[in-house]
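Below is one structure; the comments refer to it alone.
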Amino acid sequence: MVAKTTKSIDVEVEGLNELLRDLRAFPKDANKELRIASQRIANQHMVPAWRRAAGRSGPWADKIQQTIRAKKDRLPTVIIGAQRPRYGRGATPNTVRRPSDAGVGPDAALSAQRAFKEGGSWMKHANRAYVPAALREWAEAVQELCDRFNADRRGVG
């Protein structure tokens with residue numbers, strides 16, 4: 001499961017890279033189905049959890065929450081932020097995402113220090129209770145595709 005900030009990973013799965021490499025041998029339709037299943041899983045489990053977490057990001061919560069979305073990828077993936085300006089003076093959710101989480105350093109402008117202080121650690125403290133269910137559903141989707149692909153190759157159907 002991937003929650004994309006700059007890039008963070010909620011779960012490491014041994015052998016995942018090899019599995020993803022092997023899945024490339026599947027027909028395009030099978031990989032498309034996996035992307036759709038992964039996006040559904042991310043929308044169902046991950047997006048709500050990250051939106052709740054972003055609710056603790058201070059005065060930027062509303063606009064950051066609006067930018068949290070599932071990416072259509074072979075793994076359930078969440079993207080947080082956007083480049084389109086949504087705040088005064090052209091600031092984007094990407095610009096405020098990190099400081100709202102981690103705060104700013106002493107070299108930052110005084111206005112930024114007042115606005116962000118030490119940050120809210122909302123990304124670090126996001127509730128990742130979704131991981132077991134999301135991982136299980138993703139494994140089931142992969143297994144279903146593998147079973148169908150292998151049955152098609154054997155001429156069973």
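Convention: chains lettered A, B, ... in structure tokens order; per-chain residue numbering from 1; ligands numbered from 1 as shown.
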Practice task
Tell me which protein, DNA and RNA residues are within 12 Å of Met123 of chain A, counting only C-alpha atoms, leaving out same-chain ones fewer than 3 positions away, and put them as a ChimeraX atom specification.
Solution key: /A:3-10,49-57,64,80,97-103,119-120,126-128
Please, could you write that set of residues out with N, CA and C atoms as a PDB file, in the first residue's frame?
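This went into selection.pdb:
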```pdb
ATOM      1  N   ALA A   3       1.002   5.378   0.288  1.00  0.00           N
ATOM      2  CA  ALA A   3       0.407   6.680   0.518  1.00  0.00           C
ATOM      3  C   ALA A   3       1.450   7.673   0.043  1.00  0.00           C
ATOM      4  N   LYS A   4       1.186   8.292  -1.054  1.00  0.00           N
ATOM      5  CA  LYS A   4       2.207   9.104  -1.686  1.00  0.00           C
ATOM      6  C   LYS A   4       2.203  10.509  -1.106  1.00  0.00           C
ATOM      7  N   THR A   5       3.233  10.855  -0.415  1.00  0.00           N
ATOM      8  CA  THR A   5       3.442  12.219   0.056  1.00  0.00           C
ATOM      9  C   THR A   5       4.579  12.706  -0.821  1.00  0.00           C
ATOM     10  N   THR A   6       5.767  12.639  -0.388  1.00  0.00           N
ATOM     11  CA  THR A   6       6.861  12.727  -1.329  1.00  0.00           C
ATOM     12  C   THR A   6       6.975  11.306  -1.836  1.00  0.00           C
ATOM     13  N   LYS A   7       7.004  10.393  -0.962  1.00  0.00           N
ATOM     14  CA  LYS A   7       6.778   8.982  -1.239  1.00  0.00           C
ATOM     15  C   LYS A   7       6.980   8.249   0.067  1.00  0.00           C
ATOM     16  N   SER A   8       5.915   7.701   0.558  1.00  0.00           N
ATOM     17  CA  SER A   8       6.035   6.897   1.761  1.00  0.00           C
ATOM     18  C   SER A   8       5.282   5.603   1.541  1.00  0.00           C
ATOM     19  N   ILE A   9       5.713   4.599   2.232  1.00  0.00           N
ATOM     20  CA  ILE A   9       5.126   3.275   2.042  1.00  0.00           C
ATOM     21  C   ILE A   9       4.610   2.805   3.383  1.00  0.00           C
ATOM     22  N   ASP A  10       3.347   2.375   3.402  1.00  0.00           N
ATOM     23  CA  ASP A  10       2.742   1.885   4.636  1.00  0.00           C
ATOM     24  C   ASP A  10       3.163   0.455   4.949  1.00  0.00           C
ATOM     25  N   ALA A  49      -9.169   7.402   5.427  1.00  0.00           N
ATOM     26  CA  ALA A  49      -8.233   7.493   6.551  1.00  0.00           C
ATOM     27  C   ALA A  49      -7.324   8.706   6.409  1.00  0.00           C
ATOM     28  N   TRP A  50      -6.830   8.948   5.215  1.00  0.00           N
ATOM     29  CA  TRP A  50      -5.935  10.087   5.010  1.00  0.00           C
ATOM     30  C   TRP A  50      -6.692  11.400   5.066  1.00  0.00           C
ATOM     31  N   ARG A  51      -7.955  11.416   4.636  1.00  0.00           N
ATOM     32  CA  ARG A  51      -8.749  12.650   4.761  1.00  0.00           C
ATOM     33  C   ARG A  51      -9.006  12.971   6.232  1.00  0.00           C
ATOM     34  N   ARG A  52      -9.291  11.936   7.025  1.00  0.00           N
ATOM     35  CA  ARG A  52      -9.464  12.176   8.467  1.00  0.00           C
ATOM     36  C   ARG A  52      -8.166  12.732   9.059  1.00  0.00           C
ATOM     37  N   ALA A  53      -7.048  12.155   8.673  1.00  0.00           N
ATOM     38  CA  ALA A  53      -5.757  12.628   9.187  1.00  0.00           C
ATOM     39  C   ALA A  53      -5.507  14.075   8.777  1.00  0.00           C
ATOM     40  N   ALA A  54      -5.804  14.407   7.535  1.00  0.00           N
ATOM     41  CA  ALA A  54      -5.585  15.775   7.044  1.00  0.00           C
ATOM     42  C   ALA A  54      -6.480  16.772   7.760  1.00  0.00           C
ATOM     43  N   GLY A  55      -7.559  16.292   8.347  1.00  0.00           N
ATOM     44  CA  GLY A  55      -8.422  17.167   9.131  1.00  0.00           C
ATOM     45  C   GLY A  55      -7.694  17.785  10.315  1.00  0.00           C
ATOM     46  N   ARG A  56      -6.553  17.211  10.688  1.00  0.00           N
ATOM     47  CA  ARG A  56      -5.749  17.734  11.790  1.00  0.00           C
ATOM     48  C   ARG A  56      -4.595  18.610  11.281  1.00  0.00           C
ATOM     49  N   SER A  57      -4.708  19.087  10.041  1.00  0.00           N
ATOM     50  CA  SER A  57      -3.611  19.881   9.467  1.00  0.00           C
ATOM     51  C   SER A  57      -3.818  21.377   9.635  1.00  0.00           C
ATOM     52  N   ILE A  64      -6.498  20.671   1.703  1.00  0.00           N
ATOM     53  CA  ILE A  64      -5.659  19.477   1.592  1.00  0.00           C
ATOM     54  C   ILE A  64      -6.549  18.247   1.461  1.00  0.00           C
ATOM     55  N   ILE A  80      -1.578  12.825  -2.168  1.00  0.00           N
ATOM     56  CA  ILE A  80      -1.987  13.916  -1.284  1.00  0.00           C
ATOM     57  C   ILE A  80      -1.386  15.207  -1.830  1.00  0.00           C
ATOM     58  N   ARG A  97       1.428  21.246   2.413  1.00  0.00           N
ATOM     59  CA  ARG A  97       1.300  19.880   2.946  1.00  0.00           C
ATOM     60  C   ARG A  97       2.403  19.565   3.957  1.00  0.00           C
ATOM     61  N   ARG A  98       3.650  19.709   3.562  1.00  0.00           N
ATOM     62  CA  ARG A  98       4.750  19.356   4.462  1.00  0.00           C
ATOM     63  C   ARG A  98       4.845  20.272   5.674  1.00  0.00           C
ATOM     64  N   PRO A  99       4.832  21.599   5.499  1.00  0.00           N
ATOM     65  CA  PRO A  99       4.926  22.450   6.691  1.00  0.00           C
ATOM     66  C   PRO A  99       3.746  22.258   7.655  1.00  0.00           C
ATOM     67  N   SER A 100       2.551  21.949   7.122  1.00  0.00           N
ATOM     68  CA  SER A 100       1.414  21.727   8.023  1.00  0.00           C
ATOM     69  C   SER A 100       1.620  20.448   8.824  1.00  0.00           C
ATOM     70  N   ASP A 101       2.444  19.550   8.313  1.00  0.00           N
ATOM     71  CA  ASP A 101       2.746  18.294   9.002  1.00  0.00           C
ATOM     72  C   ASP A 101       3.985  18.437   9.893  1.00  0.00           C
ATOM     73  N   ALA A 102       5.074  18.912   9.317  1.00  0.00           N
ATOM     74  CA  ALA A 102       6.363  18.907  10.015  1.00  0.00           C
ATOM     75  C   ALA A 102       6.792  20.265  10.554  1.00  0.00           C
ATOM     76  N   GLY A 103       6.046  21.318  10.233  1.00  0.00           N
ATOM     77  CA  GLY A 103       6.444  22.649  10.671  1.00  0.00           C
ATOM     78  C   GLY A 103       7.526  23.223   9.773  1.00  0.00           C
ATOM     79  N   GLY A 119       4.112  22.396  13.217  1.00  0.00           N
ATOM     80  CA  GLY A 119       3.296  21.481  12.422  1.00  0.00           C
ATOM     81  C   GLY A 119       2.451  20.588  13.317  1.00  0.00           C
ATOM     82  N   GLY A 120       1.609  19.801  12.703  1.00  0.00           N
ATOM     83  CA  GLY A 120       0.686  18.970  13.471  1.00  0.00           C
ATOM     84  C   GLY A 120       0.981  17.487  13.451  1.00  0.00           C
ATOM     85  N   ALA A 126      -1.354   9.445  11.163  1.00  0.00           N
ATOM     86  CA  ALA A 126      -2.535   8.954  10.434  1.00  0.00           C
ATOM     87  C   ALA A 126      -2.827   7.524  10.861  1.00  0.00           C
ATOM     88  N   ASN A 127      -4.087   7.227  11.036  1.00  0.00           N
ATOM     89  CA  ASN A 127      -4.499   5.886  11.463  1.00  0.00           C
ATOM     90  C   ASN A 127      -4.393   4.928  10.280  1.00  0.00           C
ATOM     91  N   ARG A 128      -3.469   4.002  10.367  1.00  0.00           N
ATOM     92  CA  ARG A 128      -3.251   3.053   9.277  1.00  0.00           C
ATOM     93  C   ARG A 128      -3.926   1.708   9.557  1.00  0.00           C
TER      94      ARG A 128
END
```
Practice task
Using backbone DSSP assignments, extract all strand (DSSP E) residues from segment 1-155 of chain A; output them as a PyMOL selection string.
Solution key: chain A and resi 2-4+8-9+69-71+77-79
Write the residues you've just listed into a file as a tab-separated table (two decimals), in the first residue's frame, and include C-alpha atoms for each of them.
```tsv
chain	number	residue	atom	x	y	z
A	2	VAL	CA	1.38	3.34	-0.91
A	3	ALA	CA	0.41	6.68	0.52
A	4	LYS	CA	2.21	9.10	-1.69
A	8	SER	CA	6.04	6.90	1.76
A	9	ILE	CA	5.13	3.27	2.04
A	69	ARG	CA	-7.38	10.90	-4.07
A	70	ALA	CA	-6.67	7.36	-5.19
A	71	LYS	CA	-4.27	6.85	-8.05
A	77	THR	CA	-1.98	4.27	-3.88
A	78	VAL	CA	-3.08	7.60	-2.44
A	79	ILE	CA	-1.91	10.98	-3.69
```
Problem - Among the residues A:Leu34, A:Pro93, A:Lys124, A:Pro27, the one that comes closest to Gln143 of chain A [using only C-alpha atoms] - result: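 That would be A:Leu34, the residue with the smallest distance to Gln143 of chain A.
When atom CA of Val47 of chain A is paired with atom CA of Ile68 of chain A, their separation reads 6.5 Å.
All residues of protein, DNA or RNA that reach within 8 Å of His45 of chain A, judged by only C-alpha atoms and not counting those fewer than 4 positions away in the chain, are Ile41, Ala49, Tyr130, Ala133 and Ala134 of chain A.
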Exercise for the section: Could you jot down the atom CA of Ala151 of chain A to atom CA of Ala42 of chain A separation for me, Å, one decimal place? Expected result: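 Separation between atom CA of Ala151 of chain A and atom CA of Ala42 of chain A: 27.9 Å.
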